[in-house]
There are 2 protein chains.
Amino acid sequence: MRVLRKGDSQFLKDFNRSLVINAIHRKGPISRNQLASDLGLESSTITLITRYLMETHIIEEVGIGDSTGGRRPIFLDLNPNYGASIGVYVESVCAHLGLVDLKGRLLRRERVSFSRGSGSEDVISAMRKSIDKLAKGVNLLGIGIGISGFTDSQNEMLFYSPILGWRNVNLSRPLEREYGVPVFVENDINTFVLAELWYGAGNRFRNFICVTIGEGIGAGIVIDGRLYEGATGGAGEVGHMCIDFNGPRCRCGEKGCLEVFASNSFLLKRAQEAILKGQGTFKKVTIEALQDAANNGDEVARGIFTEMSKNLGIGLKNVVNLFNPEAIILSGECVKAYPFFGPILKKEIQKHSFPEEAKELQVLPSEVGENGWLLGPATLALNPLFELPIYRGSPRG
Amino acid sequence: MRVLRKGDSQFLKDFNRSLVINAIHRKGPISRNQLASDLGLESSTITLITRYLMETHIIEEVGIGDSTGGRRPIFLDLNPNYGASIGVYVESVCAHLGLVDLKGRLLRRERVSFSRGSGSEDVISAMRKSIDKLAKGVNLLGIGIGISGFTDSQNEMLFYSPILGWRNVNLSRPLEREYGVPVFVENDINTFVLAELWYGAGNRFRNFICVTIGEGIGAGIVIDGRLYEGATGGAGEVGHMCIDFNGPRCRCGEKGCLEVFASNSFLLKRAQEAILKGQGTFKKVTIEALQDAANNGDEVARGIFTEMSKNLGIGLKNVVNLFNPEAIILSGECVKAYPFFGPILKKEIQKHSFPEEAKELQVLPSEVGENGWLLGPATLALNPLFELPIYRGSPRG
DNA sequence: AAATCTTACTTGACTTTTTGAAAAAAGTAT
DNA sequence: ATACTTTTTTCAAAAAGTCAAGTAAGATTT
């Protein structure tokens, strides 16, 4: 349970430093004077704080701006060489790893394979070489792991991962011991949302939902500019929302789950049916073939996307009614067909929801794209640097 | 948009005062020494802060505790006579008003009627006398209004209220002018949740959903100990969640909304059918008659509640999958039959949800009961006293 | 009953942090 | 060259919390 800190001079210092770091993070490059007027702090205070941050090399002077009639401003920005974190995205038979710097740039990437059914130790062993390679020559600040499943609120334990079959695994501790940096574990969809929050839509929206369409459907929730994980890290499980309690059975055993009506599996099933009937211009049963066809005007492919949009519209109407978000952001492979089905989906959601909820709602494709699966976990490890230090103790001992 | 304050000495003072007030609010009566050790502040600091709070009469010394081997502690608590707020609950043809003190006690109540179709000015006029009566002799701190509909994030405007037919009404300004205190407007379900958060389940849960079953179904959402209102104040609209997209049409025009399958209307419809068929021991088509019968073992009445529980279970499974709350709290007239249908509902929710989400989930009846409809709006007006002062500007000019 | 220990609370010199005014630095405009 | 602007830095002052010592008021021991 998070407990508030007491307010002493240390707190004051930490709080203002955090204000400055976050302002530079969001608005940098930025001058000291601009920081002072944005934050309401005196310029003398900004001098002291930025001096400290420059001594620790978190920020650096990056150039000189144009004069507006007086001394030219010195721009400050985060120092990307201060350090970097490694983001890991674990899938069923492979893991992707990426080195991400303070400015959110994906510097290098690695990929390791492992056999289906591997235990967590095997997977960690398999990743060692890649981590060493990525971490070489950089100040490693932390490691973040995105993985399908349920995690604890400390981002330490993985309670259960269906695709890997792991239960109650502490992925964090062994890596923390080995590399001496904090290691965080989080549901993969949630890490993706973090990427979107930091490097995508986050600048414009403080409350949004990010829906990822893949084999199934998942959603991540941002409330008040923070990732909402739920009591046991399971928030956003939108795929098995029931939209037809007499409907067809889902692989989960329940009836009428949303992902029966809207997912890659749904698209592929419909594509298969169409090909068997000799309809459509697409030949292969792949998402790519289907969306190429739709984007090229194939009416059959478009019909399939339209059907999915209608189904998804019902599910997302439920989400909109519950969360009343500012925006819904869509990600997943099939989002390449977004130019075609996006407007249909938006219309469907608005048709079914209350005008008060949906009037201002924006429906957008993901802005970070596939990189989000690596940026997200890496961001997780950078998060503590930017969090408002109003709670007791560091994020993790 | 809320912007963080700068950290100066004023901030430090406000922050620590807030810590102390909140600690006293939650744990009072409490000694200075206990406050110091709970908050981590020095006892000398507590002396200074509590001295100030006593001078302003927000807190008072309320007694002396037992010695544990030394000087006996002096207990401090909120001073209920410091002030009180008025909570207003507006229904379709009447409004209930209640005076609530700092300790959450409902001191006096009033009720005013108005004719169906009245405008907001008429209703405000009708309430004047009651407000004067309630406010007489007390330091009025504010007024809070709970009303079915959509409100803005400043709690000032009512965008739309279906039951009253009002659109874009500023309920707050005329009362603020007249009484010189801040006036807040909020969706009635949300105010009820506030009451539950402050005086009910709030002590035990930081993330919960409060579901109110009436004519329809509504829900209020608490995340991280704060009411979540959504982008346009419409979060928690669970009543028109679609659980059967081919199902019967709802009064809203959509198909298969949850409230078609679980609401007072549903119960009454089923009761009516049973009476026509000559089934059941209940004679009247009222919720009360039905729940009395169920509590007395009438199998027909129990069957109706069981059917509703199964339907509600599907809807709440969707909610649990999305929010992963620690608890679901049920309120509404029919909750008197909770001892009978509560366990059934809980089992249904758990049957349909992921074990990781539902394992620890608690399902409970409301702890504040009907008083919540007055306590909640009043709480809204007291809220600013207790909010952490980390944002710029006071809650409202 | 007196002396000693404990716990609760208060006081005042001290530390830390931000402030605000003044100065320095580095420009532009006339 | 001179005056004016804008950005950044310097340093004494102000404000809040801390720390150590002291007071208050009771329990326990001798």
# chains A, B, ... in the order shown; residues from 1 in each chain; ligands from 1
call {"tool": "calpha_fit_and_write", "arguments": {"fixed": "chain B", "moving": "chain A", "output": "short mmCIF file (atom, residue, chain, number, x, y, z; two decimals) with C-alpha atoms, in the first residue's frame"}}
result
data_model
loop_
_atom_site.label_atom_id
_atom_site.label_comp_id
_atom_site.auth_asym_id
_atom_site.auth_seq_id
_atom_site.Cartn_x
_atom_site.Cartn_y
_atom_site.Cartn_z
CA MET A 1 -6.61 20.82 -16.82
CA ARG A 2 -5.03 20.33 -13.45
CA VAL A 3 -1.45 21.56 -13.20
CA LEU A 4 0.89 20.67 -10.38
CA ARG A 5 1.87 23.35 -7.88
CA LYS A 6 5.41 24.46 -7.37
CA GLY A 7 7.12 23.25 -4.25
CA ASP A 8 7.65 26.17 -1.88
CA SER A 9 7.26 26.54 1.84
CA GLN A 10 3.57 27.31 1.47
CA PHE A 11 3.17 24.02 -0.37
CA LEU A 12 5.04 22.20 2.36
CA LYS A 13 2.75 23.67 4.98
CA ASP A 14 -0.43 22.91 3.02
CA PHE A 15 0.75 19.39 2.27
CA ASN A 16 1.53 18.53 5.88
CA ARG A 17 -1.68 20.13 7.13
CA SER A 18 -3.54 17.97 4.65
CA LEU A 19 -1.71 14.89 5.88
CA VAL A 20 -2.71 15.70 9.43
CA ILE A 21 -6.34 16.51 8.64
CA ASN A 22 -6.73 13.34 6.64
CA ALA A 23 -5.07 11.22 9.29
CA ILE A 24 -7.42 12.66 11.92
CA HIS A 25 -10.35 12.17 9.56
CA ARG A 26 -9.54 8.52 9.01
CA LYS A 27 -8.15 7.51 12.38
CA GLY A 28 -9.47 10.07 14.85
CA PRO A 29 -9.70 10.34 17.78
CA ILE A 30 -5.91 10.19 17.76
CA SER A 31 -3.10 11.66 19.85
CA ARG A 32 -0.40 13.99 18.59
CA ASN A 33 2.21 11.36 19.27
CA GLN A 34 0.37 8.77 17.26
CA LEU A 35 0.01 11.25 14.38
CA ALA A 36 3.74 11.88 14.47
CA SER A 37 4.63 8.22 14.26
CA ASP A 38 1.98 7.45 11.62
CA LEU A 39 2.97 10.31 9.36
CA GLY A 40 6.70 10.23 10.02
CA LEU A 41 6.71 13.88 11.04
CA GLU A 42 8.42 15.10 14.21
CA SER A 43 6.17 15.59 17.18
CA SER A 44 7.25 19.23 17.30
CA THR A 45 5.85 19.71 13.81
CA ILE A 46 2.61 18.05 14.81
CA THR A 47 2.33 20.45 17.70
CA LEU A 48 2.62 23.44 15.38
CA ILE A 49 0.19 22.07 12.82
CA THR A 50 -2.42 20.92 15.30
CA ARG A 51 -2.15 24.23 17.13
CA TYR A 52 -3.05 26.01 13.92
CA LEU A 53 -5.91 23.59 13.17
CA MET A 54 -7.27 24.08 16.68
CA GLU A 55 -7.11 27.86 16.33
CA THR A 56 -9.22 27.59 13.18
CA HIS A 57 -11.50 25.14 15.03
CA ILE A 58 -11.33 22.42 12.37
CA ILE A 59 -10.15 20.02 15.04
CA GLU A 60 -10.58 19.89 18.81
CA GLU A 61 -9.30 17.99 21.82
CA VAL A 62 -11.89 15.39 22.67
CA GLY A 63 -10.53 13.54 25.67
CA ILE A 64 -7.60 11.94 27.37
CA GLY A 65 -6.55 8.35 26.84
CA ASP A 66 -5.13 5.76 29.19
CA SER A 67 -1.54 5.91 30.22
CA THR A 68 0.82 3.21 28.97
CA GLY A 69 3.40 4.06 31.59
CA GLY A 70 3.75 7.79 31.10
CA ARG A 71 1.82 10.94 30.34
CA ARG A 72 -1.66 10.23 29.05
CA PRO A 73 -2.31 11.09 25.40
CA ILE A 74 -4.68 13.93 24.46
CA PHE A 75 -6.99 12.77 21.70
CA LEU A 76 -7.74 15.03 18.77
CA ASP A 77 -10.64 14.72 16.38
CA LEU A 78 -12.46 16.72 13.74
CA ASN A 79 -14.71 19.32 15.28
CA PRO A 80 -18.19 18.53 14.00
CA ASN A 81 -19.30 22.07 14.92
CA TYR A 82 -16.68 23.60 12.64
CA GLY A 83 -19.22 23.53 9.85
CA ALA A 84 -21.52 21.40 7.78
CA SER A 85 -22.60 21.02 4.21
CA ILE A 86 -25.95 20.49 2.60
CA GLY A 87 -26.48 17.49 0.35
CA VAL A 88 -29.29 17.62 -2.18
CA TYR A 89 -30.69 14.62 -4.02
CA VAL A 90 -32.94 15.64 -6.89
CA GLU A 91 -35.50 13.13 -8.14
CA SER A 92 -38.15 13.57 -10.81
CA VAL A 93 -40.83 15.26 -8.66
CA CYS A 94 -39.07 15.97 -5.40
CA ALA A 95 -35.74 16.81 -3.86
CA HIS A 96 -34.31 15.57 -0.59
CA LEU A 97 -31.97 17.79 1.37
CA GLY A 98 -29.81 16.94 4.35
CA LEU A 99 -27.40 18.74 6.63
CA VAL A 100 -24.22 16.74 7.16
CA ASP A 101 -21.41 17.62 9.57
CA LEU A 102 -17.65 17.06 9.24
CA LYS A 103 -17.95 13.65 10.80
CA GLY A 104 -20.46 12.52 8.23
CA ARG A 105 -23.47 12.62 10.49
CA LEU A 106 -26.80 13.45 8.92
CA LEU A 107 -28.11 16.09 11.34
CA ARG A 108 -31.37 17.22 9.81
CA ARG A 109 -33.31 16.55 6.64
CA GLU A 110 -35.89 18.25 4.46
CA ARG A 111 -38.00 17.29 1.49
CA VAL A 112 -39.53 19.52 -1.18
CA SER A 113 -41.91 18.60 -3.96
CA PHE A 114 -42.28 20.17 -7.37
CA SER A 115 -44.47 19.42 -10.34
CA ARG A 116 -43.24 17.12 -13.08
CA GLY A 117 -41.65 19.08 -15.87
CA SER A 118 -40.42 21.94 -13.65
CA GLY A 119 -37.47 23.96 -14.87
CA SER A 120 -34.27 24.25 -12.90
CA GLU A 121 -35.18 27.77 -11.64
CA ASP A 122 -38.47 26.46 -10.26
CA VAL A 123 -36.70 23.66 -8.47
CA ILE A 124 -34.08 25.98 -7.03
CA SER A 125 -36.81 28.32 -5.82
CA ALA A 126 -38.64 25.44 -4.23
CA MET A 127 -35.50 24.44 -2.34
CA ARG A 128 -34.70 27.90 -0.90
CA LYS A 129 -36.79 27.62 2.25
CA SER A 130 -35.39 24.21 3.06
CA ILE A 131 -31.82 25.33 2.54
CA ASP A 132 -32.39 28.34 4.78
CA LYS A 133 -33.89 26.13 7.45
CA LEU A 134 -31.02 23.64 7.28
CA ALA A 135 -28.29 26.26 7.17
CA LYS A 136 -29.67 28.20 10.13
CA GLY A 137 -27.14 28.52 12.89
CA VAL A 138 -24.41 26.49 11.23
CA ASN A 139 -21.26 27.49 9.40
CA LEU A 140 -22.26 26.38 5.92
CA LEU A 141 -19.23 25.07 4.04
CA GLY A 142 -20.86 24.18 0.74
CA ILE A 143 -23.72 22.56 -1.10
CA GLY A 144 -23.56 19.38 -3.17
CA ILE A 145 -26.22 18.25 -5.59
CA GLY A 146 -26.72 14.70 -6.77
CA ILE A 147 -28.85 14.32 -9.86
CA SER A 148 -29.35 11.70 -12.51
CA GLY A 149 -27.55 12.82 -15.65
CA PHE A 150 -24.24 13.99 -17.10
CA THR A 151 -22.21 16.72 -15.46
CA ASP A 152 -19.03 18.57 -16.40
CA SER A 153 -15.68 17.92 -14.78
CA GLN A 154 -15.86 21.15 -12.75
CA ASN A 155 -19.07 19.86 -11.16
CA GLU A 156 -20.77 23.03 -12.24
CA MET A 157 -22.89 22.26 -15.30
CA LEU A 158 -25.53 19.64 -15.86
CA PHE A 159 -25.26 18.70 -19.53
CA TYR A 160 -28.34 16.57 -19.71
CA SER A 161 -30.72 14.91 -17.29
CA PRO A 162 -33.13 12.41 -18.87
CA ILE A 163 -35.54 12.20 -15.95
CA LEU A 164 -35.88 15.98 -15.61
CA GLY A 165 -35.48 16.83 -19.26
CA TRP A 166 -32.93 19.56 -18.49
CA ARG A 167 -30.11 20.41 -20.87
CA ASN A 168 -27.00 22.53 -20.25
CA VAL A 169 -28.16 23.94 -16.94
CA ASN A 170 -25.80 25.67 -14.55
CA LEU A 171 -27.24 24.61 -11.21
CA SER A 172 -24.20 25.77 -9.34
CA ARG A 173 -23.95 29.48 -10.11
CA PRO A 174 -27.32 30.76 -8.84
CA LEU A 175 -26.95 28.94 -5.54
CA GLU A 176 -23.33 30.05 -5.19
CA ARG A 177 -24.39 33.66 -5.63
CA GLU A 178 -27.18 33.34 -3.14
CA TYR A 179 -25.42 31.49 -0.37
CA GLY A 180 -21.83 32.51 -0.94
CA VAL A 181 -20.50 28.98 -0.67
CA PRO A 182 -19.18 26.59 -3.34
CA VAL A 183 -21.87 24.45 -4.97
CA PHE A 184 -21.06 21.21 -6.77
CA VAL A 185 -23.20 19.14 -9.11
CA GLU A 186 -22.56 15.49 -9.76
CA ASN A 187 -24.32 12.44 -11.12
CA ASP A 188 -26.40 10.86 -8.36
CA ILE A 189 -24.85 7.42 -8.67
CA ASN A 190 -21.41 8.96 -8.38
CA THR A 191 -22.36 10.86 -5.25
CA PHE A 192 -23.59 7.62 -3.74
CA VAL A 193 -20.23 6.07 -4.45
CA LEU A 194 -18.53 8.98 -2.72
CA ALA A 195 -20.61 8.23 0.37
CA GLU A 196 -19.57 4.60 0.19
CA LEU A 197 -15.94 5.64 -0.28
CA TRP A 198 -15.93 7.94 2.76
CA TYR A 199 -18.25 6.25 5.18
CA GLY A 200 -18.57 2.68 3.92
CA ALA A 201 -16.20 0.40 2.08
CA GLY A 202 -13.66 3.14 1.41
CA ASN A 203 -11.59 2.24 4.42
CA ARG A 204 -10.97 -1.23 3.12
CA PHE A 205 -10.80 -0.88 -0.68
CA ARG A 206 -9.02 1.57 -2.94
CA ASN A 207 -10.50 0.16 -6.17
CA PHE A 208 -14.13 -0.78 -6.21
CA ILE A 209 -17.33 -0.49 -8.17
CA CYS A 210 -20.66 0.37 -6.65
CA VAL A 211 -23.61 -0.96 -8.60
CA THR A 212 -27.03 0.51 -7.90
CA ILE A 213 -30.11 -1.37 -8.96
CA GLY A 214 -33.20 0.74 -9.36
CA GLU A 215 -35.46 1.44 -12.33
CA GLY A 216 -32.30 0.84 -14.30
CA ILE A 217 -28.75 -0.02 -13.29
CA GLY A 218 -25.94 2.40 -12.70
CA ALA A 219 -22.43 2.05 -11.45
CA GLY A 220 -19.87 4.34 -9.89
CA ILE A 221 -16.18 3.69 -10.08
CA VAL A 222 -13.49 4.28 -7.49
CA ILE A 223 -9.93 4.03 -8.70
CA ASP A 224 -6.97 4.53 -6.42
CA GLY A 225 -9.22 5.94 -3.73
CA ARG A 226 -10.73 8.59 -6.01
CA LEU A 227 -14.04 8.81 -7.81
CA TYR A 228 -13.51 8.28 -11.54
CA GLU A 229 -15.93 10.38 -13.57
CA GLY A 230 -14.69 9.85 -17.09
CA ALA A 231 -14.01 12.43 -19.76
CA THR A 232 -17.52 13.89 -19.71
CA GLY A 233 -18.76 12.69 -16.33
CA GLY A 234 -20.43 9.65 -17.86
CA ALA A 235 -18.32 6.79 -16.56
CA GLY A 236 -20.11 3.81 -15.07
CA GLU A 237 -23.11 3.64 -17.37
CA VAL A 238 -23.50 -0.07 -16.89
CA GLY A 239 -27.25 -0.26 -17.43
CA HIS A 240 -27.07 -0.15 -21.18
CA MET A 241 -24.18 -2.54 -21.55
CA CYS A 242 -25.10 -4.97 -24.30
CA ILE A 243 -25.00 -8.58 -23.18
CA ASP A 244 -27.14 -9.98 -26.01
CA PHE A 245 -26.94 -8.11 -29.28
CA ASN A 246 -29.83 -10.11 -30.70
CA GLY A 247 -31.84 -9.72 -27.52
CA PRO A 248 -35.06 -7.87 -26.71
CA ARG A 249 -35.21 -4.14 -27.24
CA CYS A 250 -34.54 -1.84 -24.30
CA ARG A 251 -36.35 1.44 -23.60
CA CYS A 252 -33.18 3.15 -24.84
CA GLY A 253 -33.69 1.73 -28.30
CA GLU A 254 -30.75 -0.66 -28.21
CA LYS A 255 -30.99 -4.43 -28.03
CA GLY A 256 -30.12 -6.65 -25.10
CA CYS A 257 -29.08 -4.04 -22.54
CA LEU A 258 -28.22 -5.35 -19.09
CA GLU A 259 -31.07 -3.49 -17.44
CA VAL A 260 -33.57 -5.43 -19.51
CA PHE A 261 -32.31 -8.51 -17.68
CA ALA A 262 -31.57 -7.07 -14.26
CA SER A 263 -33.37 -4.12 -12.68
CA ASN A 264 -36.45 -3.33 -10.64
CA SER A 265 -38.44 -3.29 -13.88
CA PHE A 266 -37.23 -6.82 -14.60
CA LEU A 267 -38.20 -8.02 -11.13
CA LEU A 268 -41.63 -6.39 -11.32
CA LYS A 269 -42.31 -7.82 -14.76
CA ARG A 270 -41.46 -11.32 -13.56
CA ALA A 271 -43.51 -10.82 -10.39
CA GLN A 272 -46.50 -9.73 -12.45
CA GLU A 273 -46.17 -12.79 -14.68
CA ALA A 274 -45.97 -15.07 -11.65
CA ILE A 275 -49.06 -13.55 -10.02
CA LEU A 276 -51.03 -13.92 -13.26
CA LYS A 277 -50.07 -17.57 -13.33
CA GLY A 278 -51.15 -17.89 -9.71
CA GLN A 279 -47.61 -18.71 -8.57
CA GLY A 280 -45.78 -17.47 -5.49
CA THR A 281 -46.91 -16.35 -2.04
CA PHE A 282 -46.55 -12.62 -2.79
CA LYS A 283 -49.70 -10.68 -3.63
CA LYS A 284 -48.55 -7.22 -4.62
CA VAL A 285 -46.32 -6.31 -7.53
CA THR A 286 -43.72 -4.46 -5.48
CA ILE A 287 -40.03 -5.00 -4.84
CA GLU A 288 -40.73 -5.11 -1.13
CA ALA A 289 -43.33 -7.88 -1.41
CA LEU A 290 -41.04 -9.87 -3.66
CA GLN A 291 -38.02 -9.68 -1.42
CA ASP A 292 -40.05 -10.46 1.69
CA ALA A 293 -41.27 -13.56 -0.09
CA ALA A 294 -37.76 -14.52 -1.13
CA ASN A 295 -36.38 -13.99 2.36
CA ASN A 296 -39.23 -16.13 3.72
CA GLY A 297 -38.35 -19.01 1.44
CA ASP A 298 -40.86 -18.56 -1.41
CA GLU A 299 -39.34 -20.61 -4.23
CA VAL A 300 -40.98 -18.57 -6.98
CA ALA A 301 -39.64 -15.29 -5.63
CA ARG A 302 -36.27 -16.91 -5.13
CA GLY A 303 -36.36 -18.15 -8.68
CA ILE A 304 -36.90 -14.61 -9.92
CA PHE A 305 -33.95 -13.30 -7.89
CA THR A 306 -31.84 -16.22 -9.03
CA GLU A 307 -32.62 -15.45 -12.64
CA MET A 308 -31.69 -11.83 -12.14
CA SER A 309 -28.49 -12.82 -10.38
CA LYS A 310 -27.48 -14.96 -13.31
CA ASN A 311 -28.08 -12.13 -15.74
CA LEU A 312 -26.39 -9.61 -13.50
CA GLY A 313 -23.53 -12.04 -13.11
CA ILE A 314 -22.86 -11.86 -16.84
CA GLY A 315 -22.90 -8.07 -16.82
CA LEU A 316 -20.70 -7.84 -13.77
CA LYS A 317 -18.30 -10.39 -15.20
CA ASN A 318 -17.78 -7.91 -18.02
CA VAL A 319 -17.18 -5.17 -15.50
CA VAL A 320 -14.76 -7.33 -13.51
CA ASN A 321 -12.82 -8.25 -16.63
CA LEU A 322 -12.45 -4.60 -17.55
CA PHE A 323 -11.76 -3.07 -14.13
CA ASN A 324 -10.44 -5.90 -12.06
CA PRO A 325 -11.73 -4.19 -8.90
CA GLU A 326 -11.11 -5.38 -5.35
CA ALA A 327 -14.81 -5.33 -4.57
CA ILE A 328 -18.26 -4.85 -6.02
CA ILE A 329 -20.74 -3.16 -3.75
CA LEU A 330 -24.45 -3.46 -4.39
CA SER A 331 -27.05 -0.90 -3.51
CA GLY A 332 -30.69 -0.27 -4.29
CA GLU A 333 -34.02 -1.24 -2.81
CA CYS A 334 -33.78 -4.91 -3.72
CA VAL A 335 -30.53 -5.27 -1.75
CA LYS A 336 -32.69 -6.13 1.24
CA ALA A 337 -32.90 -9.55 -0.38
CA TYR A 338 -29.10 -9.63 -0.52
CA PRO A 339 -28.70 -12.34 2.13
CA PHE A 340 -30.45 -14.63 -0.28
CA PHE A 341 -29.20 -13.64 -3.71
CA GLY A 342 -25.79 -12.20 -2.83
CA PRO A 343 -23.98 -15.55 -2.65
CA ILE A 344 -25.63 -16.67 -5.89
CA LEU A 345 -24.50 -13.52 -7.65
CA LYS A 346 -20.95 -13.86 -6.38
CA LYS A 347 -20.80 -17.45 -7.57
CA GLU A 348 -22.09 -16.41 -11.00
CA ILE A 349 -19.51 -13.67 -11.39
CA GLN A 350 -16.71 -16.01 -10.40
CA LYS A 351 -17.99 -18.76 -12.67
CA HIS A 352 -17.73 -16.52 -15.70
CA SER A 353 -14.57 -14.50 -14.97
CA PHE A 354 -10.92 -15.43 -14.99
CA PRO A 355 -9.85 -16.92 -11.69
CA GLU A 356 -7.00 -14.39 -11.56
CA GLU A 357 -9.48 -11.55 -11.56
CA ALA A 358 -12.25 -13.01 -9.44
CA LYS A 359 -10.36 -15.05 -6.86
CA GLU A 360 -9.99 -12.21 -4.41
CA LEU A 361 -13.06 -10.29 -5.52
CA GLN A 362 -15.49 -9.40 -2.78
CA VAL A 363 -19.19 -8.85 -3.41
CA LEU A 364 -20.93 -6.91 -0.66
CA PRO A 365 -24.10 -4.97 0.05
CA SER A 366 -23.86 -1.22 0.53
CA GLU A 367 -22.79 -0.11 3.97
CA VAL A 368 -24.24 3.40 3.90
CA GLY A 369 -27.71 2.40 2.67
CA GLU A 370 -30.33 4.93 1.67
CA ASN A 371 -28.59 7.74 3.56
CA GLY A 372 -25.90 7.60 0.92
CA TRP A 373 -28.04 9.63 -1.46
CA LEU A 374 -27.74 12.59 0.92
CA LEU A 375 -24.37 11.86 2.48
CA GLY A 376 -22.84 11.61 -0.98
CA PRO A 377 -23.74 15.03 -2.31
CA ALA A 378 -22.85 16.61 1.03
CA THR A 379 -19.48 14.86 0.91
CA LEU A 380 -18.89 16.38 -2.50
CA ALA A 381 -18.94 19.80 -0.90
CA LEU A 382 -16.65 18.73 1.94
CA ASN A 383 -14.17 17.06 -0.38
CA PRO A 384 -11.99 20.14 -1.02
CA LEU A 385 -11.16 20.32 2.71
CA PHE A 386 -9.53 16.93 2.50
CA GLU A 387 -7.95 16.89 -0.93
CA LEU A 388 -4.19 16.71 -1.25
CA PRO A 389 -3.22 20.27 -2.25
CA ILE A 390 -0.77 19.34 -4.99
CA TYR A 391 -2.56 21.12 -7.83
CA ARG A 392 -2.58 24.79 -8.67
CA GLY A 393 -5.50 26.91 -7.57
CA SER A 394 -8.21 25.99 -5.12
CA PRO A 395 -10.71 23.40 -6.32
CA ARG A 396 -12.85 26.20 -7.72
CA GLY A 397 -11.90 29.91 -7.77
#
call {"tool": "select_by_dssp", "arguments": {"residues": "stretch 99-320 of chain A", "states": "strand (DSSP E)", "output": "PyMOL selection string"}}
result
chain A and resi 99-101+106-113+140-147+150-151+157-161+166-170+183-187+208-213+217-223+226-228
call {"tool": "residues_around", "arguments": {"residues": "C:DT15", "least_positions_apart": "3", "cutoff": "10 Å", "atoms": "only C-alpha atoms (C1' of nucleotides)", "output": "MDAnalysis selection string"}}
result
(chainID A and resid 9) or (chainID D and resid 17:19)
call {"tool": "interface_residues", "arguments": {"of": "chain C", "to": "chain A", "cutoff": "9 Å", "atoms": "only C-alpha atoms (C1' of nucleotides)", "output": "list in words"}}
result
DT16, DT17, DT18, DT19, DG20, DA25, DA26, DG27, DT28 and DA29 of chain C
call {"tool": "write_last_selection", "arguments": {"atoms": "C-alpha atoms (C1' of nucleotides)", "output": "PDB file, in the first residue's frame"}}
result
ATOM      1  C1'  DT C  16      17.580  23.057   4.109  1.00  0.00           C
ATOM      2  C1'  DT C  17      15.116  24.867   0.379  1.00  0.00           C
ATOM      3  C1'  DT C  18      12.924  28.445  -2.232  1.00  0.00           C
ATOM      4  C1'  DT C  19      12.686  33.396  -2.862  1.00  0.00           C
ATOM      5  C1'  DG C  20      13.515  38.027  -4.550  1.00  0.00           C
ATOM      6  C1'  DA C  25      26.015  37.863 -19.351  1.00  0.00           C
ATOM      7  C1'  DA C  26      24.814  38.230 -23.941  1.00  0.00           C
ATOM      8  C1'  DG C  27      22.092  39.736 -27.022  1.00  0.00           C
ATOM      9  C1'  DT C  28      19.155  43.710 -30.111  1.00  0.00           C
ATOM     10  C1'  DA C  29      17.802  48.445 -31.535  1.00  0.00           C
TER      11       DA C  29
END
call {"tool": "interface_residues", "arguments": {"of": "chain D", "to": "chain A", "cutoff": "10 Å", "atoms": "only C-alpha atoms (C1' of nucleotides)", "output": "ChimeraX atom specification"}}
result
/D:4-10,16-18
call {"tool": "write_last_selection", "arguments": {"atoms": "C-alpha atoms (C1' of nucleotides)", "output": "compact mmCIF listing (two decimals), in the first residue's frame"}}
result
# COMPACT_ATOMS: atom_id res chain seq x y z
C1' DC D 4 17.19 48.61 -23.72
C1' DT D 5 15.83 43.29 -23.46
C1' DT D 6 16.12 38.83 -22.21
C1' DT D 7 18.48 35.01 -19.97
C1' DT D 8 21.08 33.35 -16.36
C1' DT D 9 23.55 33.60 -11.88
C1' DT D 10 24.61 35.20 -7.15
C1' DA D 16 9.10 25.35 7.19
C1' DG D 17 10.64 21.15 9.31
C1' DT D 18 14.30 19.04 12.44
call {"tool": "atom_distance", "arguments": {"atom1": "atom C1' of C:DC14", "atom2": "atom C1' of D:DA14"}}
result
14.5 Å
call {"tool": "select_by_dssp", "arguments": {"residues": "stretch 60-217 of chain B", "states": "alpha helix (DSSP H)", "output": "PyMOL selection string"}}
result
chain B and resi 120-135+172-179+188-199
call {"tool": "atom_distance", "arguments": {"atom1": "atom C1' of C:DT4", "atom2": "atom C1' of D:DA24"}}
result
15.7 Å
call {"tool": "atom_distance", "arguments": {"atom1": "atom C1' of C:DT30", "atom2": "atom C1' of D:DT2"}}
result
8.6 Å
call {"tool": "decode", "arguments": {"residues": "stretch 369-381 of chain A", "atoms": "C-alpha atoms", "output": "short mmCIF file (atom, residue, chain, number, x, y, z; two decimals), in the first residue's frame"}}
result
data_model
loop_
_atom_site.label_atom_id
_atom_site.label_comp_id
_atom_site.auth_asym_id
_atom_site.auth_seq_id
_atom_site.Cartn_x
_atom_site.Cartn_y
_atom_site.Cartn_z
CA GLY A 369 3.05 0.84 -33.98
CA GLU A 370 4.90 -2.43 -33.57
CA ASN A 371 7.80 -0.77 -31.75
CA GLY A 372 5.45 -0.28 -28.84
CA TRP A 373 5.95 -3.88 -27.75
CA LEU A 374 9.59 -3.06 -26.97
CA LEU A 375 9.27 0.62 -26.12
CA GLY A 376 6.58 -0.22 -23.57
CA PRO A 377 8.51 -2.65 -21.40
CA ALA A 378 11.58 -0.41 -21.58
CA THR A 379 9.46 2.53 -20.48
CA LEU A 380 8.34 0.53 -17.49
CA ALA A 381 11.91 0.50 -16.26
#
